[in-house]
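The file query-v6.cif contains mmCIF, C-alpha atoms and all ligand atoms:
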data_model
loop_
_atom_site.label_atom_id
_atom_site.label_comp_id
_atom_site.auth_asym_id
_atom_site.auth_seq_id
_atom_site.Cartn_x
_atom_site.Cartn_y
_atom_site.Cartn_z
CA MET A 717 -119.27 66.83 157.95
CA ALA A 718 -115.48 67.26 158.25
CA LEU A 719 -113.40 64.23 159.24
CA GLY A 720 -112.16 65.87 162.52
CA GLU A 721 -115.70 66.71 163.57
CA PHE A 722 -116.76 63.15 162.77
CA PHE A 723 -114.05 61.65 165.07
CA SER A 724 -114.77 64.09 167.89
CA LYS A 725 -118.40 62.94 167.83
CA LEU A 726 -117.33 59.29 167.68
CA ILE A 727 -114.80 59.47 170.56
CA PRO A 728 -116.18 61.23 173.69
CA THR A 729 -112.98 63.18 174.52
CA ASP A 730 -114.88 65.53 176.88
CA LEU A 731 -115.94 62.52 178.92
CA PHE A 732 -112.32 61.33 179.26
CA SER A 733 -111.02 64.76 180.26
CA GLY A 734 -113.79 64.94 182.89
CA LEU A 735 -112.92 61.49 184.23
CA ALA A 736 -109.22 62.44 184.31
CA LEU A 737 -110.01 65.52 186.42
CA THR A 738 -112.20 63.46 188.80
CA GLY A 739 -109.55 60.73 189.01
CA SER A 740 -106.81 63.26 189.88
CA TYR A 741 -108.68 64.07 193.12
CA PHE A 742 -108.37 60.43 194.13
CA PHE A 743 -104.66 61.02 194.84
CA LYS A 744 -105.03 64.45 196.48
CA LYS A 745 -105.14 64.98 200.26
CA LYS A 746 -108.77 64.85 201.49
CA SER A 747 -110.12 68.15 202.80
CA THR A 748 -113.36 66.72 204.25
CA VAL A 749 -113.69 65.00 207.62
CA GLN A 750 -116.24 62.58 209.05
CA TYR A 751 -117.93 65.03 211.44
CA PRO A 752 -118.81 64.52 214.33
CA GLU A 753 -116.39 61.59 214.73
CA GLU A 754 -113.61 63.84 213.39
CA ARG A 755 -113.23 67.60 213.67
CA THR A 756 -110.96 70.09 211.92
CA GLU A 757 -109.01 72.21 214.35
CA PRO A 758 -110.04 75.89 214.17
CA SER A 759 -107.31 78.46 213.60
CA PRO A 760 -105.88 80.03 216.78
CA ARG A 761 -107.67 83.30 215.92
CA PHE A 762 -111.08 81.60 215.53
CA ARG A 763 -113.73 83.25 217.73
CA GLY A 764 -116.06 80.77 219.37
CA MET A 765 -117.63 80.18 222.76
CA PHE A 766 -116.68 82.74 225.42
CA GLY A 767 -114.20 82.19 228.18
CA TYR A 768 -114.76 84.29 231.32
CA ASP A 769 -112.84 84.43 234.57
CA VAL A 770 -114.69 86.19 237.38
CA ASP A 771 -111.57 86.17 239.60
CA ARG A 772 -109.56 88.16 237.05
CA CYS A 773 -112.43 90.49 236.16
CA ILE A 774 -112.03 93.96 237.74
CA ASP A 775 -115.67 94.92 237.10
CA CYS A 776 -114.76 97.90 234.91
CA HIS A 777 -117.72 97.42 232.50
CA LEU A 778 -115.51 98.26 229.47
CA CYS A 779 -116.57 95.05 227.67
CA ALA A 780 -120.26 95.94 228.07
CA LYS A 781 -119.62 99.49 226.83
CA ALA A 782 -117.66 98.19 223.81
CA CYS A 783 -120.36 95.73 222.74
CA PRO A 784 -122.15 97.32 219.78
CA ILE A 785 -125.41 95.45 220.44
CA ASP A 786 -125.50 95.67 224.27
CA ILE A 787 -125.71 91.99 225.09
CA ILE A 788 -123.37 91.99 228.10
CA PHE A 789 -125.23 92.67 231.36
CA ILE A 790 -123.27 93.44 234.53
CA ARG A 791 -124.65 94.14 238.00
CA ASP A 792 -122.52 94.67 241.08
CA HIS A 793 -122.52 96.08 244.59
CA THR A 794 -119.85 97.55 246.81
CA GLU A 795 -118.87 96.02 250.13
CA VAL A 796 -116.88 97.73 252.83
CA GLU A 797 -114.27 95.57 254.51
CA GLU A 798 -112.16 96.30 257.56
CA ASP A 799 -108.51 95.32 257.51
CA PRO A 800 -108.08 93.12 260.63
CA GLU A 801 -104.49 94.36 261.16
CA THR A 802 -104.71 98.08 260.49
CA GLY A 803 -108.42 98.52 261.19
CA LYS A 804 -108.72 100.59 258.01
CA LYS A 805 -111.86 100.26 255.96
CA LYS A 806 -111.68 99.64 252.23
CA LYS A 807 -114.26 99.24 249.50
CA ARG A 808 -114.54 96.14 247.35
CA LYS A 809 -116.75 95.64 244.29
CA VAL A 810 -118.61 92.35 244.05
CA ILE A 811 -120.00 91.11 240.72
CA ASP A 812 -123.55 89.83 241.26
CA ARG A 813 -124.38 89.28 237.64
CA TYR A 814 -122.30 88.95 234.48
CA ASP A 815 -124.49 87.63 231.66
CA ILE A 816 -124.03 87.39 227.90
CA ASP A 817 -126.94 86.81 225.54
CA VAL A 818 -124.82 84.67 223.23
CA LYS A 819 -127.62 83.92 220.75
CA ARG A 820 -127.44 87.56 219.62
CA CYS A 821 -123.65 87.74 219.54
CA MET A 822 -121.92 88.45 216.22
CA PHE A 823 -118.50 87.37 217.53
CA CYS A 824 -116.85 90.67 216.63
CA GLY A 825 -114.44 90.33 219.57
CA LEU A 826 -114.72 94.01 220.60
CA CYS A 827 -115.50 93.01 224.20
CA GLU A 828 -112.26 91.01 224.37
CA GLU A 829 -110.32 93.87 222.80
CA ALA A 830 -111.68 96.33 225.38
CA CYS A 831 -110.86 94.15 228.40
CA PRO A 832 -107.85 95.73 230.17
CA THR A 833 -106.74 92.77 232.32
CA GLU A 834 -103.73 90.64 231.45
CA PRO A 835 -104.54 87.85 230.70
CA LYS A 836 -107.99 88.89 229.44
CA SER A 837 -110.99 88.20 231.66
CA ILE A 838 -113.23 87.65 228.67
CA TRP A 839 -112.04 86.02 225.46
CA LEU A 840 -113.36 84.07 222.48
CA THR A 841 -110.28 82.14 221.30
CA THR A 842 -111.51 78.90 222.82
CA LYS A 843 -111.72 76.76 219.63
CA THR A 844 -115.19 75.72 220.81
CA TYR A 845 -118.23 76.13 218.58
CA GLU A 846 -120.66 73.29 219.44
CA THR A 847 -123.36 75.22 221.28
CA ALA A 848 -126.39 74.05 219.29
CA THR A 849 -129.58 73.71 221.30
CA TYR A 850 -133.34 73.36 220.87
CA GLU A 851 -134.00 76.11 223.43
CA ARG A 852 -132.03 79.10 222.24
CA ASN A 853 -133.61 81.67 224.60
CA GLU A 854 -132.68 79.73 227.73
CA ARG A 855 -129.65 77.72 226.71
CA LEU A 856 -127.81 80.43 224.76
CA TYR A 857 -128.18 82.95 227.57
CA PHE A 858 -125.07 82.50 229.69
CA THR A 859 -124.79 83.62 233.30
CA LYS A 860 -121.35 84.09 234.87
CA GLU A 861 -121.56 80.60 236.37
CA ARG A 862 -122.26 79.01 232.97
CA LEU A 863 -119.60 81.16 231.29
CA MET A 864 -117.11 79.72 233.75
CA SER A 865 -118.27 76.09 233.77
CA TRP A 866 -119.55 75.76 230.16
CA GLU A 867 -122.47 73.68 231.38
CA GLY A 868 -124.40 72.54 228.29
CA VAL A 869 -121.52 73.28 225.86
CA THR A 870 -119.47 70.60 224.09
CA ALA A 871 -115.90 71.77 224.34
CA TYR A 872 -113.53 71.25 221.41
CA PRO A 873 -111.48 68.07 222.16
CA GLY A 874 -108.63 68.88 224.53
CA VAL A 875 -110.13 72.19 225.63
CA VAL A 876 -111.16 72.68 229.27
CA PRO A 877 -113.74 75.16 230.65
CA PRO A 878 -112.43 78.41 232.19
CA ASP A 879 -113.07 77.15 235.74
CA LYS A 880 -110.55 74.34 235.07
CA GLY A 881 -107.77 76.86 234.44
CA MET A 882 -108.13 77.81 230.77
CA LEU A 883 -106.28 80.95 229.69
CA PRO A 884 -106.94 82.92 226.45
CA GLU A 885 -103.76 81.58 224.85
CA ASP A 886 -104.02 78.12 226.42
CA PRO A 887 -107.46 76.51 225.80
CA SER A 888 -106.25 73.13 227.09
CA GLY A 889 -105.48 74.66 230.49
CA ALA A 890 -102.13 72.81 230.58
CA GLY A 891 -100.09 75.96 231.19
CA ALA A 892 -102.37 77.12 233.99
CA ARG A 893 -102.28 73.68 235.65
CA GLU A 894 -98.47 73.52 235.42
CA LYS A 895 -98.27 77.00 236.96
CA ALA A 896 -100.63 75.95 239.76
CA ALA A 897 -98.64 72.76 240.39
CA GLY A 898 -95.40 74.81 240.51
CA GLY A 899 -97.02 77.25 242.93
CA GLU A 900 -98.19 74.40 245.17
CA ALA A 901 -94.77 72.76 245.11
CA ALA A 902 -93.02 76.04 246.01
S1 LIG B 1001 -118.26 89.48 220.51
FE1 LIG B 1001 -120.47 89.47 221.00
S2 LIG B 1001 -120.54 90.13 223.13
FE2 LIG B 1001 -118.52 90.69 222.38
S3 LIG B 1001 -118.71 92.80 221.67
FE3 LIG B 1001 -119.08 91.49 219.88
S4 LIG B 1001 -121.32 91.19 219.85
FE4 LIG B 1001 -120.79 91.95 221.88
S1 LIG B 1002 -113.70 94.50 230.44
FE1 LIG B 1002 -112.77 92.68 231.34
S2 LIG B 1002 -112.29 93.30 233.45
FE2 LIG B 1002 -113.75 94.81 232.65
S3 LIG B 1002 -115.78 94.03 233.29
FE3 LIG B 1002 -115.39 93.23 231.23
S4 LIG B 1002 -114.46 91.20 231.57
FE4 LIG B 1002 -114.33 92.33 233.50
#
Could you quickly redo this structure as structure tokens?
Ligand code: SF4
Ligand code: SF4
Amino acid sequence: MALGEFFSKLIPTDLFSGLALTGSYFFKKKSTVQYPEERTEPSPRFRGMFGYDVDRCIDCHLCAKACPIDIIFIRDHTEVEEDPETGKKKKRKVIDRYDIDVKRCMFCGLCEEACPTEPKSIWLTTKTYETATYERNERLYFTKERLMSWEGVTAYPGVVPPDKGMLPEDPSGAGAREKAAGGEAA
């Protein structure tokens, strides 16, 4: 046995290089968090729980047509209203049902892309992903009321449900609330 081979067997150099690599991580910034006490903030483009605003929605059905797996269900009826001043009659569409079967959703975002309103009436950039449930058929089927209120969903910290003024680009609702406060003050 050569002398070099003898010393390499005697001194466990591989062990020391392994320990040095492990030790170097002690000084690096931690990339894990203590979930659920801590959460990492999703990127602004992250697609999570849906936001929906029935007041902005113009009932065009484009989102339902764009969905590749047909999980958006819309039902509506038309009402005829008379203008009290002019006496003219005009038609108005009323959304009776706007449901999304979220358990089948693949979060492709095509529905959001197809929505023509500005801001969007349906959007997924809500940073919210905690929708786990024991009853997926019932609890992951969202009616328009639940899409607005997020009943049963744990919102990402600082994010408010759509019925509290959330906008696609403003999940905290702060911008919408400021706008509303400005409008009230005016
Ligand atoms: S994100 Fe979901 S609901 Fe929207 S188009 Fe894709 S599969 Fe359909
Ligand atoms: S595409 Fe937008 S405006 Fe049209 S029905 Fe869907 S959510 Fe409403």
Could you make a table, as a tab-separated table, of the residues of chain A that have an atom within 10 Å of an atom of ligand LIG 1002 (chain B), each with its nearest atom pair and distance in Å to one decimal, counting only C-alpha atoms and all ligand atoms, in chain and number order?
residue	atom	partner	partner_atom	distance
A:Gly767	CA	B:LIG1002	S4	9.6
A:Tyr768	CA	B:LIG1002	S4	6.9
A:Asp769	CA	B:LIG1002	S4	7.6
A:Val770	CA	B:LIG1002	FE4	7.3
A:Asp771	CA	B:LIG1002	FE4	9.1
A:Arg772	CA	B:LIG1002	S2	6.8
A:Cys773	CA	B:LIG1002	FE4	3.8
A:Ile774	CA	B:LIG1002	S2	4.3
A:Asp775	CA	B:LIG1002	S3	3.9
A:Cys776	CA	B:LIG1002	FE2	4.0
A:His777	CA	B:LIG1002	S3	4.0
A:Leu778	CA	B:LIG1002	S1	4.3
A:Cys779	CA	B:LIG1002	S1	4.0
A:Ala780	CA	B:LIG1002	FE3	6.4
A:Lys781	CA	B:LIG1002	S1	8.5
A:Ala782	CA	B:LIG1002	S1	8.6
A:Ile788	CA	B:LIG1002	FE3	8.7
A:Phe789	CA	B:LIG1002	S3	9.7
A:Ile790	CA	B:LIG1002	S3	7.6
A:Ile811	CA	B:LIG1002	S3	9.0
A:Tyr814	CA	B:LIG1002	S3	8.4
A:Leu826	CA	B:LIG1002	S1	9.9
A:Cys827	CA	B:LIG1002	S1	6.7
A:Glu828	CA	B:LIG1002	S1	7.1
A:Glu829	CA	B:LIG1002	S1	8.4
A:Ala830	CA	B:LIG1002	S1	5.7
A:Cys831	CA	B:LIG1002	S1	3.5
A:Pro832	CA	B:LIG1002	FE1	5.9
A:Thr833	CA	B:LIG1002	S2	5.7
A:Glu834	CA	B:LIG1002	S2	9.2
A:Pro835	CA	B:LIG1002	FE1	9.6
A:Lys836	CA	B:LIG1002	FE1	6.4
A:Ser837	CA	B:LIG1002	S4	4.6
A:Ile838	CA	B:LIG1002	S4	4.7
A:Trp839	CA	B:LIG1002	S4	8.4
Centre and edge lengths of an axis-aligned box around all listed atoms of ligand LIG 1001 (chain B), with 4 Å added on each side, are to be given in Å to one decimal, as AutoDock Vina command-line options.
--center_x -119.8 --center_y 91.1 --center_z 221.5 --size_x 11.1 --size_y 11.3 --size_z 11.3
Margin query: One decimal, in Å: what's the spacing between atom CA of A:Val749 and atom CA of A:Tyr872?
Written below: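 Spanning atom CA of A:Val749 to atom CA of A:Tyr872 is a straight-line distance of 15.1 Å.
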Test item: which residues lie within 8 Å of (-123.6, 76.3, 225.1) counting all atoms listed in the file, as a PDB file with C-alpha atoms, in the frame of the given file:
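Written out: result.pdb:
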ATOM      1  CA  MET A 765    -117.630  80.180 222.760  1.00  0.00           C
ATOM      2  CA  GLU A 846    -120.660  73.290 219.440  1.00  0.00           C
ATOM      3  CA  THR A 847    -123.360  75.220 221.280  1.00  0.00           C
ATOM      4  CA  ALA A 848    -126.390  74.050 219.290  1.00  0.00           C
ATOM      5  CA  THR A 849    -129.580  73.710 221.300  1.00  0.00           C
ATOM      6  CA  ARG A 855    -129.650  77.720 226.710  1.00  0.00           C
ATOM      7  CA  LEU A 856    -127.810  80.430 224.760  1.00  0.00           C
ATOM      8  CA  PHE A 858    -125.070  82.500 229.690  1.00  0.00           C
ATOM      9  CA  TRP A 866    -119.550  75.760 230.160  1.00  0.00           C
ATOM     10  CA  GLU A 867    -122.470  73.680 231.380  1.00  0.00           C
ATOM     11  CA  GLY A 868    -124.400  72.540 228.290  1.00  0.00           C
ATOM     12  CA  VAL A 869    -121.520  73.280 225.860  1.00  0.00           C
ATOM     13  CA  THR A 870    -119.470  70.600 224.090  1.00  0.00           C
TER      14      THR A 870
END
Next item on the list: For each of A:Ile816, A:Pro760, A:Leu863, A:Lys809, take the minimum atom-to-atom distance to A:Pro884, counting all atoms listed in the file, then give the residue where this is smallest.
Entry: A:Pro760
